[in-house]
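**Student:** Quick one, start-v2.pdb (PDB, C-alpha atoms, pLDDT in the B column):
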ATOM      1  CA  MET A   1     -46.990 237.516  14.601  1.00 77.00           C
ATOM      2  CA  SER A   2     -48.839 234.247  14.248  1.00 86.00           C
ATOM      3  CA  LYS A   3     -48.578 232.708  10.813  1.00 93.00           C
ATOM      4  CA  TYR A   4     -51.721 231.774   8.898  1.00 96.00           C
ATOM      5  CA  ILE A   5     -51.922 228.264   7.458  1.00 95.00           C
ATOM      6  CA  GLN A   6     -54.392 227.154   4.776  1.00 96.00           C
ATOM      7  CA  TYR A   7     -55.678 223.604   5.320  1.00 94.00           C
ATOM      8  CA  ASN A   8     -56.511 222.266   1.862  1.00 92.00           C
ATOM      9  CA  ASP A   9     -57.380 218.786   3.102  1.00 91.00           C
ATOM     10  CA  VAL A  10     -60.570 220.069   4.760  1.00 91.00           C
ATOM     11  CA  CYS A  11     -63.107 221.294   2.255  1.00 93.00           C
ATOM     12  CA  PHE A  12     -66.632 222.689   2.502  1.00 96.00           C
ATOM     13  CA  LYS A  13     -68.388 222.958  -0.824  1.00 95.00           C
ATOM     14  CA  ASN A  14     -71.638 224.712   0.072  1.00 96.00           C
ATOM     15  CA  ARG A  15     -71.089 228.194   1.554  1.00 97.00           C
ATOM     16  CA  ASP A  16     -74.533 228.461   3.166  1.00 97.00           C
ATOM     17  CA  ALA A  17     -74.132 225.068   4.829  1.00 97.00           C
ATOM     18  CA  LEU A  18     -70.691 226.136   6.074  1.00 98.00           C
ATOM     19  CA  VAL A  19     -72.112 229.329   7.599  1.00 98.00           C
ATOM     20  CA  ALA A  20     -74.920 227.339   9.254  1.00 98.00           C
ATOM     21  CA  ALA A  21     -72.388 224.806  10.549  1.00 98.00           C
ATOM     22  CA  LEU A  22     -70.209 227.563  12.031  1.00 98.00           C
ATOM     23  CA  LYS A  23     -73.263 228.902  13.861  1.00 98.00           C
ATOM     24  CA  GLN A  24     -74.015 225.413  15.150  1.00 97.00           C
ATOM     25  CA  VAL A  25     -70.508 224.992  16.600  1.00 97.00           C
ATOM     26  CA  GLY A  26     -70.736 228.295  18.471  1.00 97.00           C
ATOM     27  CA  LEU A  27     -69.579 230.907  15.967  1.00 97.00           C
ATOM     28  CA  PRO A  28     -72.781 232.733  15.027  1.00 97.00           C
ATOM     29  CA  ASN A  29     -71.190 235.940  13.745  1.00 97.00           C
ATOM     30  CA  VAL A  30     -69.929 235.137  10.288  1.00 98.00           C
ATOM     31  CA  GLU A  31     -68.900 237.610   7.609  1.00 98.00           C
ATOM     32  CA  VAL A  32     -69.410 236.540   4.004  1.00 98.00           C
ATOM     33  CA  GLY A  33     -67.826 238.246   0.983  1.00 97.00           C
ATOM     34  CA  GLU A  34     -65.002 237.884  -1.495  1.00 97.00           C
ATOM     35  CA  ASN A  35     -61.255 238.158  -0.954  1.00 96.00           C
ATOM     36  CA  MET A  36     -61.613 239.968   2.367  1.00 98.00           C
ATOM     37  CA  ASN A  37     -58.443 240.557   4.341  1.00 97.00           C
ATOM     38  CA  LEU A  38     -57.876 238.772   7.598  1.00 97.00           C
ATOM     39  CA  TYR A  39     -56.860 240.769  10.669  1.00 97.00           C
ATOM     40  CA  GLY A  40     -54.380 239.814  13.337  1.00 95.00           C
ATOM     41  CA  TYR A  41     -54.925 240.240  17.072  1.00 93.00           C
ATOM     42  CA  HIS A  42     -53.281 243.710  17.046  1.00 92.00           C
ATOM     43  CA  GLY A  43     -55.838 244.818  14.469  1.00 93.00           C
ATOM     44  CA  ASP A  44     -53.156 244.592  11.803  1.00 94.00           C
ATOM     45  CA  VAL A  45     -54.227 243.783   8.249  1.00 96.00           C
ATOM     46  CA  ARG A  46     -52.783 240.489   7.117  1.00 96.00           C
ATOM     47  CA  PRO A  47     -51.976 239.647   3.501  1.00 96.00           C
ATOM     48  CA  GLU A  48     -54.098 236.501   3.638  1.00 96.00           C
ATOM     49  CA  VAL A  49     -57.638 236.797   2.287  1.00 97.00           C
ATOM     50  CA  ALA A  50     -60.783 234.739   2.837  1.00 98.00           C
ATOM     51  CA  ASP A  51     -64.389 234.624   1.668  1.00 98.00           C
ATOM     52  CA  VAL A  52     -66.009 233.481   4.903  1.00 98.00           C
ATOM     53  CA  ILE A  53     -64.622 235.039   8.073  1.00 98.00           C
ATOM     54  CA  VAL A  54     -65.237 234.898  11.810  1.00 98.00           C
ATOM     55  CA  ARG A  55     -63.709 238.116  13.116  1.00 97.00           C
ATOM     56  CA  ARG A  56     -61.335 237.931  16.066  1.00 96.00           C
ATOM     57  CA  LYS A  57     -63.641 240.023  18.286  1.00 95.00           C
ATOM     58  CA  TYR A  58     -66.066 237.082  18.268  1.00 96.00           C
ATOM     59  CA  ILE A  59     -63.328 234.566  19.079  1.00 95.00           C
ATOM     60  CA  GLY A  60     -61.145 236.089  21.786  1.00 91.00           C
ATOM     61  CA  HIS A  61     -59.098 239.231  22.395  1.00 87.00           C
ATOM     62  CA  LEU A  62     -55.817 237.423  21.754  1.00 92.00           C
ATOM     63  CA  SER A  63     -57.113 235.619  18.682  1.00 95.00           C
ATOM     64  CA  ASN A  64     -56.703 236.350  15.005  1.00 97.00           C
ATOM     65  CA  ASP A  65     -59.536 236.171  12.458  1.00 97.00           C
ATOM     66  CA  LEU A  66     -60.639 232.700  11.368  1.00 98.00           C
ATOM     67  CA  GLY A  67     -61.143 232.448   7.628  1.00 98.00           C
ATOM     68  CA  PHE A  68     -62.334 230.116   4.927  1.00 98.00           C
ATOM     69  CA  THR A  69     -60.993 230.815   1.499  1.00 98.00           C
ATOM     70  CA  ARG A  70     -62.637 229.706  -1.723  1.00 97.00           C
ATOM     71  CA  THR A  71     -60.661 227.259  -3.869  1.00 95.00           C
ATOM     72  CA  ASP A  72     -61.545 225.048  -6.837  1.00 92.00           C
ATOM     73  CA  LYS A  73     -62.481 222.305  -4.371  1.00 90.00           C
ATOM     74  CA  GLY A  74     -64.571 224.500  -2.085  1.00 94.00           C
ATOM     75  CA  TYR A  75     -64.019 226.584   1.032  1.00 96.00           C
ATOM     76  CA  VAL A  76     -60.936 225.595   3.024  1.00 96.00           C
ATOM     77  CA  PRO A  77     -59.981 226.863   6.497  1.00 96.00           C
ATOM     78  CA  VAL A  78     -57.279 229.470   7.019  1.00 97.00           C
ATOM     79  CA  ILE A  79     -56.272 229.319  10.667  1.00 97.00           C
ATOM     80  CA  SER A  80     -53.526 231.198  12.476  1.00 96.00           C
ATOM     81  CA  ASP A  81     -50.905 229.190  14.295  1.00 94.00           C
ATOM     82  CA  TYR A  82     -51.955 230.774  17.596  1.00 95.00           C
ATOM     83  CA  ASP A  83     -55.583 229.725  17.204  1.00 95.00           C
ATOM     84  CA  ARG A  84     -54.770 226.106  16.353  1.00 94.00           C
ATOM     85  CA  SER A  85     -55.254 225.262  20.036  1.00 93.00           C
ATOM     86  CA  ARG A  86     -58.891 226.318  19.796  1.00 93.00           C
ATOM     87  CA  PHE A  87     -59.555 225.435  16.172  1.00 96.00           C
ATOM     88  CA  ASN A  88     -57.958 222.033  16.542  1.00 94.00           C
ATOM     89  CA  ALA A  89     -58.767 218.634  15.022  1.00 93.00           C
ATOM     90  CA  LYS A  90     -61.834 218.232  17.259  1.00 95.00           C
ATOM     91  CA  PHE A  91     -63.187 221.614  16.174  1.00 96.00           C
ATOM     92  CA  VAL A  92     -62.687 220.701  12.515  1.00 95.00           C
ATOM     93  CA  THR A  93     -64.378 217.317  13.036  1.00 95.00           C
ATOM     94  CA  ASP A  94     -67.342 218.936  14.821  1.00 96.00           C
ATOM     95  CA  LEU A  95     -67.583 221.491  12.026  1.00 97.00           C
ATOM     96  CA  GLN A  96     -67.492 218.734   9.397  1.00 96.00           C
ATOM     97  CA  VAL A  97     -70.285 216.824  11.153  1.00 96.00           C
ATOM     98  CA  ALA A  98     -72.429 219.965  11.442  1.00 97.00           C
ATOM     99  CA  TYR A  99     -71.674 220.824   7.806  1.00 97.00           C
ATOM    100  CA  GLN A 100     -72.654 217.365   6.600  1.00 96.00           C
ATOM    101  CA  GLU A 101     -76.024 217.576   8.346  1.00 97.00           C
ATOM    102  CA  HIS A 102     -76.732 221.010   6.850  1.00 97.00           C
ATOM    103  CA  ALA A 103     -75.559 219.862   3.416  1.00 97.00           C
ATOM    104  CA  ILE A 104     -77.897 216.854   3.637  1.00 97.00           C
ATOM    105  CA  GLN A 105     -80.726 219.255   4.496  1.00 97.00           C
ATOM    106  CA  SER A 106     -79.785 221.334   1.449  1.00 97.00           C
ATOM    107  CA  LEU A 107     -79.750 218.191  -0.694  1.00 96.00           C
ATOM    108  CA  ALA A 108     -83.193 217.216   0.637  1.00 97.00           C
ATOM    109  CA  THR A 109     -84.557 220.636  -0.291  1.00 97.00           C
ATOM    110  CA  LYS A 110     -83.165 220.329  -3.830  1.00 95.00           C
ATOM    111  CA  LEU A 111     -84.635 216.828  -4.195  1.00 95.00           C
ATOM    112  CA  ARG A 112     -87.908 217.902  -2.543  1.00 96.00           C
ATOM    113  CA  GLY A 113     -87.416 215.095  -0.081  1.00 96.00           C
ATOM    114  CA  SER A 114     -87.953 214.457   3.600  1.00 97.00           C
ATOM    115  CA  ILE A 115     -85.418 213.626   6.273  1.00 97.00           C
ATOM    116  CA  LYS A 116     -85.489 211.294   9.236  1.00 97.00           C
ATOM    117  CA  ARG A 117     -82.604 211.555  11.702  1.00 97.00           C
ATOM    118  CA  GLU A 118     -81.582 208.957  14.273  1.00 97.00           C
ATOM    119  CA  VAL A 119     -78.631 208.543  16.600  1.00 97.00           C
ATOM    120  CA  GLY A 120     -77.438 204.953  16.893  1.00 91.00           C
ATOM    121  CA  PRO A 121     -76.175 203.222  20.052  1.00 89.00           C
ATOM    122  CA  GLY A 122     -72.555 203.924  19.108  1.00 89.00           C
ATOM    123  CA  GLY A 123     -73.292 207.624  18.636  1.00 93.00           C
ATOM    124  CA  GLN A 124     -73.392 207.321  14.863  1.00 96.00           C
ATOM    125  CA  ILE A 125     -75.827 209.697  13.208  1.00 97.00           C
ATOM    126  CA  LYS A 126     -78.084 208.149  10.581  1.00 97.00           C
ATOM    127  CA  VAL A 127     -79.999 210.441   8.283  1.00 97.00           C
ATOM    128  CA  LYS A 128     -82.476 208.944   5.828  1.00 97.00           C
ATOM    129  CA  LEU A 129     -83.427 211.140   2.914  1.00 96.00           C
ATOM    130  CA  ARG A 130     -86.497 209.999   0.969  1.00 96.00           C
ATOM    131  CA  TYR A 131     -87.788 211.627  -2.163  1.00 94.00           C
TER     132      TYR A 131
ATOM    133  CA  MET V   1     -89.609 205.617  -3.230  1.00 84.00           C
ATOM    134  CA  ARG V   2     -85.941 206.546  -3.544  1.00 92.00           C
ATOM    135  CA  GLU V   3     -83.806 206.716  -0.445  1.00 94.00           C
ATOM    136  CA  ILE V   4     -80.334 207.887   0.507  1.00 94.00           C
ATOM    137  CA  GLU V   5     -79.085 206.781   3.897  1.00 94.00           C
ATOM    138  CA  PHE V   6     -76.232 208.831   5.307  1.00 94.00           C
ATOM    139  CA  THR V   7     -74.168 207.581   8.227  1.00 95.00           C
ATOM    140  CA  ILE V   8     -71.989 210.141  10.010  1.00 95.00           C
ATOM    141  CA  ASP V   9     -69.402 209.193  12.604  1.00 94.00           C
ATOM    142  CA  PRO V  10     -69.150 212.191  14.986  1.00 95.00           C
ATOM    143  CA  ALA V  11     -65.813 210.933  16.312  1.00 94.00           C
ATOM    144  CA  THR V  12     -64.048 211.114  12.963  1.00 93.00           C
ATOM    145  CA  GLY V  13     -66.297 213.285  10.793  1.00 92.00           C
ATOM    146  CA  GLN V  14     -66.379 210.498   8.203  1.00 91.00           C
ATOM    147  CA  MET V  15     -69.613 210.091   6.280  1.00 92.00           C
ATOM    148  CA  SER V  16     -70.805 207.194   4.167  1.00 90.00           C
ATOM    149  CA  SER V  17     -73.987 206.923   2.162  1.00 89.00           C
ATOM    150  CA  ASP V  18     -76.103 204.064   0.814  1.00 89.00           C
ATOM    151  CA  PHE V  19     -78.415 204.687  -2.093  1.00 87.00           C
ATOM    152  CA  HIS V  20     -81.541 202.668  -2.844  1.00 89.00           C
ATOM    153  CA  GLY V  21     -83.926 202.735  -5.794  1.00 89.00           C
ATOM    154  CA  ILE V  22     -81.951 205.313  -7.744  1.00 87.00           C
ATOM    155  CA  VAL V  23     -81.698 204.239 -11.377  1.00 84.00           C
ATOM    156  CA  GLY V  24     -80.907 205.529 -14.831  1.00 82.00           C
ATOM    157  CA  ALA V  25     -80.469 209.250 -15.382  1.00 84.00           C
ATOM    158  CA  ASP V  26     -81.414 209.868 -11.753  1.00 86.00           C
ATOM    159  CA  CYS V  27     -77.979 208.488 -10.761  1.00 84.00           C
ATOM    160  CA  ASP V  28     -76.210 211.264 -12.648  1.00 85.00           C
ATOM    161  CA  ALA V  29     -78.560 213.931 -11.276  1.00 88.00           C
ATOM    162  CA  VAL V  30     -78.042 212.781  -7.692  1.00 89.00           C
ATOM    163  CA  SER V  31     -74.288 212.446  -8.259  1.00 87.00           C
ATOM    164  CA  ALA V  32     -74.144 216.058  -9.503  1.00 89.00           C
ATOM    165  CA  LEU V  33     -76.086 217.272  -6.464  1.00 92.00           C
ATOM    166  CA  LEU V  34     -73.769 215.322  -4.165  1.00 91.00           C
ATOM    167  CA  GLU V  35     -70.741 216.920  -5.776  1.00 89.00           C
ATOM    168  CA  ALA V  36     -72.309 220.345  -5.250  1.00 91.00           C
ATOM    169  CA  GLU V  37     -72.759 219.634  -1.541  1.00 93.00           C
ATOM    170  CA  PHE V  38     -69.807 217.452  -0.662  1.00 90.00           C
ATOM    171  CA  GLY V  39     -67.263 218.161  -3.400  1.00 80.00           C
ATOM    172  CA  THR V  40     -65.404 216.022  -5.854  1.00 57.00           C
ATOM    173  CA  ALA V  41     -63.830 213.970  -3.091  1.00 42.00           C
ATOM    174  CA  ALA V  42     -66.942 211.770  -3.056  1.00 47.00           C
ATOM    175  CA  ASN V  43     -66.482 208.145  -4.028  1.00 49.00           C
ATOM    176  CA  VAL V  44     -69.532 206.920  -5.913  1.00 51.00           C
ATOM    177  CA  THR V  45     -69.900 203.225  -6.653  1.00 50.00           C
ATOM    178  CA  ILE V  46     -73.038 202.148  -8.501  1.00 49.00           C
ATOM    179  CA  LYS V  47     -73.822 198.470  -8.100  1.00 50.00           C
ATOM    180  CA  PRO V  48     -76.044 196.501 -10.500  1.00 46.00           C
ATOM    181  CA  GLU V  49     -78.871 196.186  -7.986  1.00 46.00           C
ATOM    182  CA  ASP V  50     -79.643 199.922  -8.127  1.00 42.00           C
ATOM    183  CA  TYR V  51     -77.523 200.745  -5.133  1.00 46.00           C
ATOM    184  CA  TYR V  52     -74.524 202.878  -4.638  1.00 48.00           C
ATOM    185  CA  ARG V  53     -72.290 203.914  -1.847  1.00 52.00           C
ATOM    186  CA  VAL V  54     -70.404 207.109  -1.183  1.00 52.00           C
ATOM    187  CA  VAL V  55     -67.389 207.498   1.035  1.00 53.00           C
ATOM    188  CA  ASN V  56     -65.185 210.505   1.554  1.00 51.00           C
ATOM    189  CA  GLN V  57     -62.108 209.695  -0.513  1.00 45.00           C
ATOM    190  CA  GLY V  58     -61.538 208.844  -4.148  1.00 44.00           C
ATOM    191  CA  ARG V  59     -64.093 208.192  -6.867  1.00 46.00           C
ATOM    192  CA  GLN V  60     -65.098 205.118  -8.830  1.00 48.00           C
ATOM    193  CA  GLN V  61     -68.194 204.269 -10.836  1.00 48.00           C
ATOM    194  CA  VAL V  62     -69.379 200.857 -11.950  1.00 47.00           C
ATOM    195  CA  GLY V  63     -72.782 199.369 -12.689  1.00 46.00           C
ATOM    196  CA  PRO V  64     -75.224 198.621 -15.498  1.00 48.00           C
ATOM    197  CA  GLY V  65     -74.039 200.014 -18.795  1.00 46.00           C
ATOM    198  CA  ARG V  66     -70.709 201.048 -17.340  1.00 48.00           C
ATOM    199  CA  GLY V  67     -68.890 197.733 -16.996  1.00 47.00           C
ATOM    200  CA  PRO V  68     -67.204 195.583 -19.648  1.00 49.00           C
ATOM    201  CA  GLY V  69     -70.410 193.575 -20.305  1.00 46.00           C
ATOM    202  CA  PRO V  70     -70.979 189.804 -20.362  1.00 50.00           C
ATOM    203  CA  ARG V  71     -68.200 187.465 -21.472  1.00 51.00           C
ATOM    204  CA  ARG V  72     -68.782 185.764 -24.812  1.00 45.00           C
TER     205      ARG V  72
END
Starting from the coordinates I provided, produce the structure as structure tokens.
**Tutor:**
Amino acid sequence: MSKYIQYNDVCFKNRDALVAALKQVGLPNVEVGENMNLYGYHGDVRPEVADVIVRRKYIGHLSNDLGFTRTDKGYVPVISDYDRSRFNAKFVTDLQVAYQEHAIQSLATKLRGSIKREVGPGGQIKVKLRY
Amino acid sequence: MREIEFTIDPATGQMSSDFHGIVGADCDAVSALLEAEFGTAANVTIKPEDYYRVVNQGRQQVGPGRGPGPRR
């Protein structure tokens, strides 16, 4: 049985932006709730709970659920040891980048501002928010 | 016109932000909104020329009305 690990150093504050970011990185089927149990690849209920979950059937038949559990800091990933090869550092970085862009969009909406996005020569993304 | 310029490095996921024309109580309002979106890990530095910068780790605030004041 693959052990679940909670990664507290990666934090997503805005749940809606996190869900949108997950969709952007290829995980469109996201379950949102509170303290929902995670399931292992056998369909076994695991003691770990999460508030944002991508169920294993949308990941792969040998995978376990991918979860994000709510903490004081925000939503942090709960990833099984087995799935660390897929949900690796690159996945987390891509998710962070997608999250940041959605969070900026959310910020622009709250400030009633407009956004201009550019990609620099080095690949850096520049987003100007005016309000 | 107030402007926030975000720079995201897709290779590392690091984000930094430059703020222009944001003064007075608006600083606190924007800071609160940033915390709501990006969490308390934001590092906000307010410089005297109505400018502040946010990076991903730590937090520090300086600027008009927040420093030790002029030397006498």
**Student:** Starting from the displayed file, determine the output of the ChimeraX specification (/A :<10) & /V and express the residue list as JSON, numbers by chain.
**Tutor:** {"V": [1, 2, 3, 4, 5, 6, 7, 8, 9, 10, 11, 12, 13, 14, 15, 16, 17, 18, 19, 20, 29, 30, 33, 34, 35, 36, 37, 38, 39, 40, 41]}
**Student:** Between CA of Tyr75 (chain A) and CA of Ile22 (chain V), what is the distance, to one decimal in Å?
**Tutor:**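 Rounded to one decimal, the two atoms are 29.2 Å apart.
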**Student:** For a quick check of your reading of the model, name the residues lying within 12 Å of the coordinate (-74.0, 237.2, 2.2), counting all atoms listed in the file, and write them as a ChimeraX atom specification.
**Tutor:** /A:15-16,19,29-34,51-53
**Student:** For a test of reading the model, state the distance in Å between CA of Gln105 (chain A) and CA of Arg84 (chain A), rounded to one decimal.
**Tutor:** 29.3 Å
**Student:** In Å, how far is it from CA of Pro121 (chain A) to CA of Thr109 (chain A)?
**Tutor:**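 It comes out at 28.1 Å.
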**Student:** Can you work out which one of A:Met36, A:Gly43, A:Ala20, A:Val49 has the shortest atom-to-atom distance to Ile79 (chain A), counting all atoms listed in the file?
**Tutor:**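 Closest residue, counting all atoms listed in the file: A:Val49.
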**Student:** Please return as a list in words every residue within 12 Å of (-67.0, 236.6, 13.7), taking into account only C-alpha atoms and the file's own coordinates.
**Tutor:**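 All residues meeting the 12 Å criterion around (-67.0, 236.6, 13.7) are Val19, Leu22, Lys23, Gly26, Leu27, Pro28, Asn29, Val30, Glu31, Val32, Leu38, Tyr39, Val52, Ile53, Val54, Arg55, Arg56, Lys57, Tyr58, Ile59, Gly60, Ser63, Asn64, Asp65, Leu66, Gly67 and Phe68 of chain A.
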